[in-house]
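Chemist: See model34.txt below, with compact mmCIF, C-alpha atoms.
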# COMPACT_ATOMS: atom_id res chain seq x y z
CA MET A 119 15.71 -12.25 -28.66
CA PRO A 120 18.54 -10.06 -27.37
CA VAL A 121 17.77 -7.57 -24.63
CA LYS A 122 20.10 -5.07 -22.97
CA VAL A 123 20.16 -5.38 -19.18
CA ARG A 124 21.41 -2.55 -16.95
CA VAL A 125 22.83 -3.83 -13.66
CA PRO A 126 23.56 -1.87 -10.47
CA ALA A 127 27.05 -1.49 -9.02
CA PRO A 128 26.79 -4.30 -6.39
CA LEU A 129 26.28 -6.82 -9.24
CA GLN A 130 29.07 -5.57 -11.41
CA LYS A 131 31.74 -7.77 -9.79
CA LEU A 132 29.82 -10.67 -11.35
CA THR A 133 29.65 -8.97 -14.75
CA GLY A 134 33.32 -8.12 -15.11
CA GLY A 135 32.63 -4.51 -14.16
CA GLN A 136 30.14 -4.03 -16.97
CA PRO A 137 27.12 -1.85 -16.15
CA GLU A 138 25.25 -3.19 -19.19
CA ILE A 139 25.08 -6.81 -20.29
CA GLN A 140 23.13 -8.76 -22.89
CA GLY A 141 20.47 -11.32 -22.14
CA SER A 142 17.93 -13.08 -24.29
CA GLY A 143 14.45 -14.48 -23.95
CA ALA A 144 10.79 -13.79 -24.48
CA THR A 145 9.99 -12.72 -20.90
CA VAL A 146 11.69 -10.95 -18.01
CA GLY A 147 12.16 -14.29 -16.28
CA ASP A 148 13.72 -15.86 -19.36
CA VAL A 149 16.14 -12.97 -19.77
CA ILE A 150 17.25 -13.19 -16.13
CA ALA A 151 17.79 -16.95 -16.47
CA SER A 152 19.84 -16.40 -19.62
CA LEU A 153 22.29 -14.11 -17.84
CA ASP A 154 23.77 -16.98 -15.84
CA THR A 155 25.37 -18.50 -18.93
CA ALA A 156 27.77 -15.61 -19.45
CA PHE A 157 27.79 -14.39 -15.84
CA PRO A 158 27.44 -17.30 -13.41
CA GLY A 159 25.86 -16.31 -10.11
CA VAL A 160 23.92 -13.35 -11.41
CA LYS A 161 20.57 -15.17 -11.40
CA ASP A 162 20.89 -16.18 -7.74
CA LYS A 163 21.67 -12.60 -6.81
CA LEU A 164 18.59 -11.37 -8.65
CA CYS A 165 16.12 -14.12 -7.74
CA ASP A 166 15.26 -16.05 -4.61
CA PRO A 167 16.31 -19.64 -5.46
CA ALA A 168 13.38 -21.00 -3.42
CA THR A 169 10.68 -19.15 -5.34
CA GLY A 170 12.36 -18.14 -8.57
CA LYS A 171 10.91 -14.67 -8.04
CA VAL A 172 12.90 -11.44 -8.25
CA ARG A 173 14.17 -10.56 -4.79
CA ARG A 174 12.01 -8.08 -2.94
CA TYR A 175 14.82 -5.56 -2.55
CA LEU A 176 15.14 -5.18 -6.29
CA ASN A 177 12.95 -3.51 -8.88
CA VAL A 178 12.93 -4.54 -12.52
CA PHE A 179 11.97 -2.10 -15.23
CA VAL A 180 11.37 -2.84 -18.90
CA ASN A 181 12.15 0.42 -20.63
CA ASP A 182 10.53 2.85 -18.17
CA LYS A 183 7.85 0.52 -16.77
CA ASP A 184 8.10 -1.25 -13.42
CA VAL A 185 7.25 -4.92 -14.10
CA ARG A 186 5.37 -5.12 -10.78
CA PHE A 187 2.68 -3.11 -12.54
CA LEU A 188 2.86 -5.31 -15.64
CA GLN A 189 3.10 -9.10 -15.44
CA GLY A 190 6.11 -9.47 -13.14
CA GLU A 191 8.58 -12.12 -14.32
CA ALA A 192 6.10 -13.09 -17.09
CA THR A 193 6.25 -9.63 -18.63
CA PRO A 194 7.05 -10.08 -22.32
CA VAL A 195 10.11 -8.42 -23.82
CA LYS A 196 11.00 -7.82 -27.41
CA GLU A 197 14.20 -7.13 -29.30
CA GLY A 198 15.52 -3.69 -28.55
CA ASP A 199 13.89 -3.48 -25.11
CA GLU A 200 16.02 -2.37 -22.21
CA MET A 201 15.74 -4.06 -18.82
CA SER A 202 17.00 -2.19 -15.75
CA ILE A 203 17.69 -3.69 -12.34
CA VAL A 204 17.10 -0.92 -9.81
CA PRO A 205 17.94 -1.45 -6.13
CA ALA A 206 15.18 -0.70 -3.62
CA ILE A 207 16.91 2.03 -1.63
CA ALA A 208 15.42 2.49 1.83
CA GLY A 209 16.30 2.79 5.46
CA GLY A 210 15.46 4.19 8.85
CA GLY A 211 13.43 2.73 11.65
CA ARG A 212 15.27 4.17 14.59
CA MET B 139 37.30 9.38 0.96
CA LEU B 140 34.19 11.07 -0.40
CA VAL B 141 34.95 14.27 -2.32
CA ILE B 142 31.78 16.29 -2.81
CA SER B 143 31.17 19.47 -4.76
CA PRO B 144 29.83 22.52 -2.92
CA ALA B 145 26.74 22.38 -5.19
CA ALA B 146 26.01 18.79 -4.19
CA THR B 147 26.49 19.61 -0.51
CA ALA B 148 24.09 22.54 -0.85
CA LYS B 149 21.50 20.33 -2.54
CA ILE B 150 21.61 17.76 0.27
CA VAL B 151 21.25 20.50 2.90
CA GLU B 152 18.38 22.09 0.98
CA GLU B 153 16.50 18.81 0.60
CA ALA B 154 17.07 17.78 4.23
CA GLN B 155 15.59 21.08 5.42
CA ARG B 156 12.79 21.12 2.85
CA ALA B 157 11.62 17.62 3.75
CA TYR B 158 11.62 18.26 7.52
CA PRO B 159 10.00 16.79 9.60
CA HIS B 160 10.04 13.95 7.08
CA GLU B 161 13.14 12.19 5.82
CA GLY B 162 14.37 13.61 2.53
CA CYS B 163 16.42 11.55 0.12
CA GLY B 164 18.22 11.51 -3.19
CA MET B 165 21.07 10.18 -5.26
CA LEU B 166 24.79 10.88 -5.36
CA VAL B 167 25.96 11.25 -8.94
CA GLY B 168 29.61 11.20 -9.90
CA ARG B 169 32.36 8.64 -10.42
CA ARG B 170 34.62 6.23 -8.56
CA GLU B 171 38.36 6.85 -8.51
CA GLY B 172 39.86 3.79 -6.88
CA ALA B 173 38.50 3.68 -3.35
CA ASP B 174 37.31 7.29 -3.54
CA TYR B 175 33.80 8.49 -4.32
CA ILE B 176 33.71 11.73 -6.33
CA VAL B 177 30.25 13.33 -6.07
CA THR B 178 29.40 16.14 -8.46
CA GLU B 179 25.61 16.30 -8.09
CA ALA B 180 22.96 15.27 -5.58
CA PRO B 181 19.56 15.23 -7.32
CA THR B 182 16.59 14.68 -5.06
CA GLY B 183 14.23 11.73 -5.27
CA ALA B 184 10.79 11.26 -3.81
CA ASN B 185 10.44 9.58 -0.43
CA GLU B 186 7.57 7.25 -1.27
CA ASN B 187 7.06 6.04 2.29
CA THR B 188 3.61 7.05 3.47
CA ASP B 189 3.35 5.06 6.72
CA ARG B 190 6.12 6.70 8.75
CA PRO B 191 8.09 9.16 6.62
CA LYS B 192 9.49 10.90 9.72
CA VAL B 193 11.64 7.84 10.44
CA TRP B 194 11.83 5.88 7.17
CA TYR B 195 12.52 6.56 3.50
CA ASP B 196 11.77 4.58 0.37
CA LEU B 197 13.53 6.30 -2.51
CA SER B 198 11.43 6.33 -5.69
CA PRO B 199 12.77 3.63 -8.06
CA ALA B 200 11.45 5.60 -11.04
CA ASP B 201 13.45 8.65 -9.94
CA GLN B 202 16.55 6.46 -9.59
CA LEU B 203 16.12 5.04 -13.07
CA ARG B 204 15.64 8.48 -14.62
CA VAL B 205 18.68 9.95 -12.85
CA SER B 206 20.85 6.92 -13.58
CA LYS B 207 20.10 6.97 -17.31
CA GLU B 208 20.67 10.69 -17.53
CA ALA B 209 23.98 10.43 -15.62
CA GLN B 210 25.28 7.57 -17.76
CA LYS B 211 24.70 9.61 -20.92
CA ARG B 212 27.26 12.05 -19.49
CA GLY B 213 29.75 9.37 -18.45
CA LEU B 214 28.72 9.59 -14.78
CA ASP B 215 26.76 7.17 -12.60
CA VAL B 216 24.76 6.91 -9.41
CA ILE B 217 27.47 5.97 -6.92
CA GLY B 218 25.48 6.38 -3.73
CA TYR B 219 22.49 7.80 -1.95
CA TYR B 220 21.61 10.27 0.78
CA HIS B 221 18.84 10.73 3.27
CA SER B 222 18.14 12.94 6.25
CA HIS B 223 17.62 12.14 9.92
CA PRO B 224 15.14 14.68 11.31
CA ASP B 225 15.87 15.42 14.97
CA HIS B 226 18.25 12.49 15.13
CA PRO B 227 22.06 12.11 14.87
CA ALA B 228 23.74 11.54 11.50
CA ALA B 229 24.54 7.93 12.32
CA PRO B 230 23.13 4.90 10.47
CA SER B 231 20.30 2.97 12.08
CA GLU B 232 20.02 -0.80 11.94
CA GLY B 233 17.45 -0.30 9.17
CA ASP B 234 19.93 1.82 7.22
CA ARG B 235 22.59 -0.89 7.53
CA SER B 236 20.46 -3.91 6.79
CA ARG B 237 18.83 -2.34 3.73
CA ALA B 238 22.07 -1.00 2.28
CA PHE B 239 23.76 -2.42 -0.82
CA GLY B 240 27.50 -2.93 -1.14
CA SER B 241 29.69 -0.66 -3.26
CA PHE B 242 27.47 2.42 -2.83
CA VAL B 243 28.27 5.26 -0.45
CA TYR B 244 25.51 6.47 1.85
CA VAL B 245 25.37 10.03 3.17
CA ILE B 246 23.22 10.84 6.20
CA ALA B 247 22.39 14.46 7.04
CA SER B 248 21.03 15.37 10.45
CA VAL B 249 18.45 18.13 10.82
CA GLU B 250 17.37 19.62 14.14
CA LYS B 251 14.24 21.73 14.29
CA ALA B 252 14.36 22.19 10.49
CA LYS B 253 17.99 23.37 10.53
CA TYR B 254 20.76 21.29 8.97
CA LYS B 255 23.46 20.20 11.46
CA VAL B 256 26.01 17.82 9.95
CA MET B 257 26.49 15.02 7.44
CA THR B 258 28.38 11.74 7.60
CA ALA B 259 29.18 9.09 4.97
CA TRP B 260 29.22 5.31 5.20
CA THR B 261 29.92 2.28 3.04
CA LEU B 262 29.54 -1.44 3.65
CA ASP B 263 32.65 -3.53 4.16
CA ASP B 264 31.46 -5.97 1.45
CA ASP B 265 31.17 -4.52 -2.07
CA THR B 266 28.79 -7.26 -3.20
CA ALA B 267 26.38 -7.17 -0.23
CA PHE B 268 22.65 -7.23 -0.87
CA PRO B 269 20.02 -6.48 1.81
CA GLU B 270 19.68 -8.95 4.69
CA HIS B 271 23.46 -9.22 4.64
CA THR B 272 25.68 -9.25 7.70
CA ALA B 273 28.11 -6.61 6.43
CA LYS B 274 29.04 -3.67 8.61
CA PHE B 275 29.11 0.03 7.85
CA THR B 276 32.49 1.76 7.82
CA ARG B 277 32.65 5.53 8.10
CA VAL B 278 34.01 7.42 5.08
CA ASP B 279 35.75 10.79 5.43
CA ILE B 280 34.06 13.67 3.60
CA LYS B 281 36.01 16.42 1.89
CA GLU B 282 34.23 19.28 0.18
CA GLY B 283 36.00 20.49 -2.90
CA ARG B 284 36.09 20.55 -6.66
CA ALA B 285 34.72 17.18 -7.73
Hey, can you dump this file as C-alpha cells for me?
Modeler:
Amino acid sequence: MPVKVRVPAPLQKLTGGQPEIQGSGATVGDVIASLDTAFPGVKDKLCDPATGKVRRYLNVFVNDKDVRFLQGEATPVKEGDEMSIVPAIAGGGR
Amino acid sequence: MLVISPAATAKIVEEAQRAYPHEGCGMLVGRREGADYIVTEAPTGANENTDRPKVWYDLSPADQLRVSKEAQKRGLDVIGYYHSHPDHPAAPSEGDRSRAFGSFVYVIASVEKAKYKVMTAWTLDDDTAFPEHTAKFTRVDIKEGRA
C-alpha cells in the first residue's frame, strides 16, 4: 500500500531534490526497501547493509510516533500513513 | 553566506543564555537560495541529553518533526541547526563535525558566564554526508538582515 515518505535534505540528491517520495509496503522495513526501485541508493543510506536495521543516526516516525517505541522496522503501516526520516542531530564532547 | 533575520538571531541568543550552563539547541527555518542559507526563524528544541548536557546536545527528534512539518506548510524548511557552547569558543568540536549531516548549516553560539559572546556558522564540504563521514567543516559567513 502506498505511503508518503518525508526525507531530509542530505538524502534529497538521491530523490531528485524531492522532499517527499512514495513508497509501498506493509511495514516500515518494506517501505524503505521499496524506495530503492525509484531511487537507487536510498536504502543503503537509510539502513546498515550488514544488519538491515535503520542507521542509528536516523529516527523514523510513522505519523507522529517514533518507531523505536513501536515495533521498529516491523511497525505496520497502512495506506495514508506518513513516514518521516528525521536526522539525529547532536554534537559536542569537547 | 548565511543571511539571518534579527528575530532569529535574537532567538538563538535568548536560548543560548537561557540554557546556560547547559547547551541549548534548536532549528534554523528558512530557505536555500543557491549556495546561500536564508534563515527567517530559529525555534528552540529540547536538549534531550541527560548525561552531560553542559558539553553535549541531543536535539529532540519530535521537536524537529513538529517544526519541519509546520515550516513546510508555509513553503519553508529546516535548513540547519544551532547549539550553544557554554564557556567555550564558537568553534565546532570533533563531535560536532562527526555527527553533522551534509547540506545543513550549523550555527554555534558561545556563551561566557551566561552572557552571549558570538556566533559562527559551518557546513560540511560534502552535501550528502551522513554521520561517521570524513567530510570537513567549512566556515560560512553570517550576515544579519532581512531574510
Chemist: Excluding Gly283 of chain B and its own-chain neighbours fewer than 2 positions away, which residues fall within 12 Å of it when counting only C-alpha atoms? Please give them as a list in words.
Modeler: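 Answer for this query is Met139, Leu140, Val141, Ile142, Ser143, Pro144, Ala145, Ala146, Thr147, Ile176, Val177, Thr178, Ile280, Lys281 and Ala285 of chain B.
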Chemist: Find the residue from B:Thr261, B:Thr272, B:Ser236, B:Val245 that sits nearest to chain A; use all atoms listed in the file when measuring.
Modeler: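 Comparing B:Thr261, B:Thr272, B:Ser236, B:Val245 against chain A, the winner is B:Ser236.
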Chemist: Return as number ranges by chain the residues belonging to chain B that are within 6 Å of chain A, counting all atoms listed in the file.
Modeler: B: 193-197, 231, 233-234, 237, 240-241, 266
Chemist: Just give me the gap between atom CA of Asp162 of chain A and atom CA of Ile150 of chain A in Å, one decimal is fine.
Modeler: 9.6 Å
Chemist: Within 8 Å of Ala144 of chain A, counting all atoms listed in the file, which residues show up once you throw out same-chain ones fewer than 4 positions away? Write them as an NGL selection string, please.
Modeler: :A and (119 or 148-149 or 194-196)
Chemist: Would you mind exporting C-alpha atoms of the selected residues as an mmCIF file, in the coordinates of the input?
Modeler:
data_model
loop_
_atom_site.group_PDB
_atom_site.id
_atom_site.type_symbol
_atom_site.label_atom_id
_atom_site.label_comp_id
_atom_site.auth_asym_id
_atom_site.auth_seq_id
_atom_site.Cartn_x
_atom_site.Cartn_y
_atom_site.Cartn_z
ATOM 1 C CA MET A 119 15.710 -12.250 -28.660
ATOM 2 C CA ASP A 148 13.720 -15.860 -19.360
ATOM 3 C CA VAL A 149 16.140 -12.970 -19.770
ATOM 4 C CA PRO A 194 7.050 -10.080 -22.320
ATOM 5 C CA VAL A 195 10.110 -8.420 -23.820
ATOM 6 C CA LYS A 196 11.000 -7.820 -27.410
#
Chemist: Quote the spacing between atom CA of Val121 of chain A and atom CA of Val180 of chain A in Å to one decimal place.
Modeler: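 Taking atom CA of Val121 of chain A and atom CA of Val180 of chain A, their separation equals 9.8 Å.
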Chemist: Smallest atom-to-atom distance to Leu188 of chain A: which of A:Ile139, A:Val146, A:Gly159, A:Val172, using all atoms listed in the file?
Modeler: A:Val146
Chemist: Pick from B:Arg212, B:Pro269, B:Pro230, B:Gly164: nearest to Ala200 of chain B, with only C-alpha atoms counted?
Modeler: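 Comparing B:Arg212, B:Pro269, B:Pro230, B:Gly164 against Ala200 of chain B, the winner is B:Gly164.
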Chemist: Write out as an NGL selection string each polymer residue whose atoms come within 9 Å of Ile246 of chain B, counting all atoms listed in the file; drop sequence neighbours fewer than 5 positions from it.
Modeler: :B and (219-223 or 227-230 or 256-260)
Chemist: Quick one: distance from atom CA of Leu214 of chain B to atom CA of Arg170 of chain B in Å, one decimal?
Modeler: 9.2 Å
Chemist: Once 4 Å is added on each side, what centre and edge lengths in Å to one decimal does the axis-aligned box around all listed atoms of segment 186-205 of chain A have, as lines of an AutoDock Vina configuration file?
Modeler:
center_x = 10.3
center_y = -7.0
center_z = -17.7
size_x = 23.3
size_y = 20.2
size_z = 31.2
Chemist: Find the residue from B:Ala209, B:Ala247, B:Ala184, B:Ala238 that sits nearest to His271 of chain B; use all atoms listed in the file when measuring.
Modeler: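 Of all the options, B:Ala238 lies closest to His271 of chain B.
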Chemist: Between B:Pro199, B:Cys163, B:Phe239, B:Tyr158, which is the closest to Ala267 of chain B once you count only C-alpha atoms?
Modeler: B:Phe239
Chemist: Taking the structure in the block just given, could you write segment 147-166 of chain A with N, CA and C atoms, as a compact mmCIF listing (two decimals), in the first residue's frame?
Modeler:
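The file below, selection.txt, is the result:
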# COMPACT_ATOMS: atom_id res chain seq x y z
N GLY A 147 9.96 -1.46 7.33
CA GLY A 147 11.07 -2.08 6.60
C GLY A 147 10.74 -2.30 5.13
N ASP A 148 9.51 -2.75 4.87
CA ASP A 148 9.09 -2.97 3.48
C ASP A 148 9.09 -1.66 2.70
N VAL A 149 8.59 -0.61 3.33
CA VAL A 149 8.50 0.68 2.63
C VAL A 149 9.91 1.17 2.29
N ILE A 150 10.84 1.06 3.26
CA ILE A 150 12.22 1.51 2.99
C ILE A 150 12.81 0.72 1.82
N ALA A 151 12.59 -0.60 1.84
CA ALA A 151 13.13 -1.44 0.75
C ALA A 151 12.54 -1.02 -0.59
N SER A 152 11.28 -0.64 -0.59
CA SER A 152 10.61 -0.30 -1.85
C SER A 152 11.16 0.99 -2.48
N LEU A 153 11.76 1.84 -1.66
CA LEU A 153 12.22 3.14 -2.16
C LEU A 153 13.35 2.99 -3.17
N ASP A 154 14.12 1.89 -3.04
CA ASP A 154 15.29 1.71 -3.90
C ASP A 154 14.92 1.53 -5.38
N THR A 155 13.71 1.09 -5.64
CA THR A 155 13.30 0.88 -7.03
C THR A 155 13.32 2.20 -7.79
N ALA A 156 12.68 3.20 -7.22
CA ALA A 156 12.61 4.50 -7.89
C ALA A 156 13.84 5.36 -7.60
N PHE A 157 14.46 5.12 -6.45
CA PHE A 157 15.58 5.98 -6.02
C PHE A 157 16.75 5.11 -5.55
N PRO A 158 17.49 4.55 -6.50
CA PRO A 158 18.58 3.63 -6.12
C PRO A 158 19.57 4.29 -5.17
N GLY A 159 19.94 3.55 -4.14
CA GLY A 159 20.91 4.05 -3.17
C GLY A 159 20.29 4.56 -1.90
N VAL A 160 18.99 4.84 -1.94
CA VAL A 160 18.34 5.39 -0.75
C VAL A 160 18.36 4.39 0.41
N LYS A 161 18.09 3.12 0.09
CA LYS A 161 18.01 2.12 1.17
C LYS A 161 19.35 2.01 1.92
N ASP A 162 20.45 2.00 1.16
CA ASP A 162 21.75 1.87 1.82
C ASP A 162 22.11 3.08 2.65
N LYS A 163 21.55 4.23 2.29
CA LYS A 163 21.78 5.42 3.12
C LYS A 163 20.98 5.32 4.41
N LEU A 164 19.80 4.71 4.33
CA LEU A 164 18.92 4.64 5.50
C LEU A 164 19.25 3.48 6.41
N CYS A 165 19.72 2.38 5.84
CA CYS A 165 19.91 1.15 6.62
C CYS A 165 21.35 0.67 6.53
N ASP A 166 21.81 0.08 7.62
CA ASP A 166 23.12 -0.56 7.63
C ASP A 166 23.01 -1.85 6.81
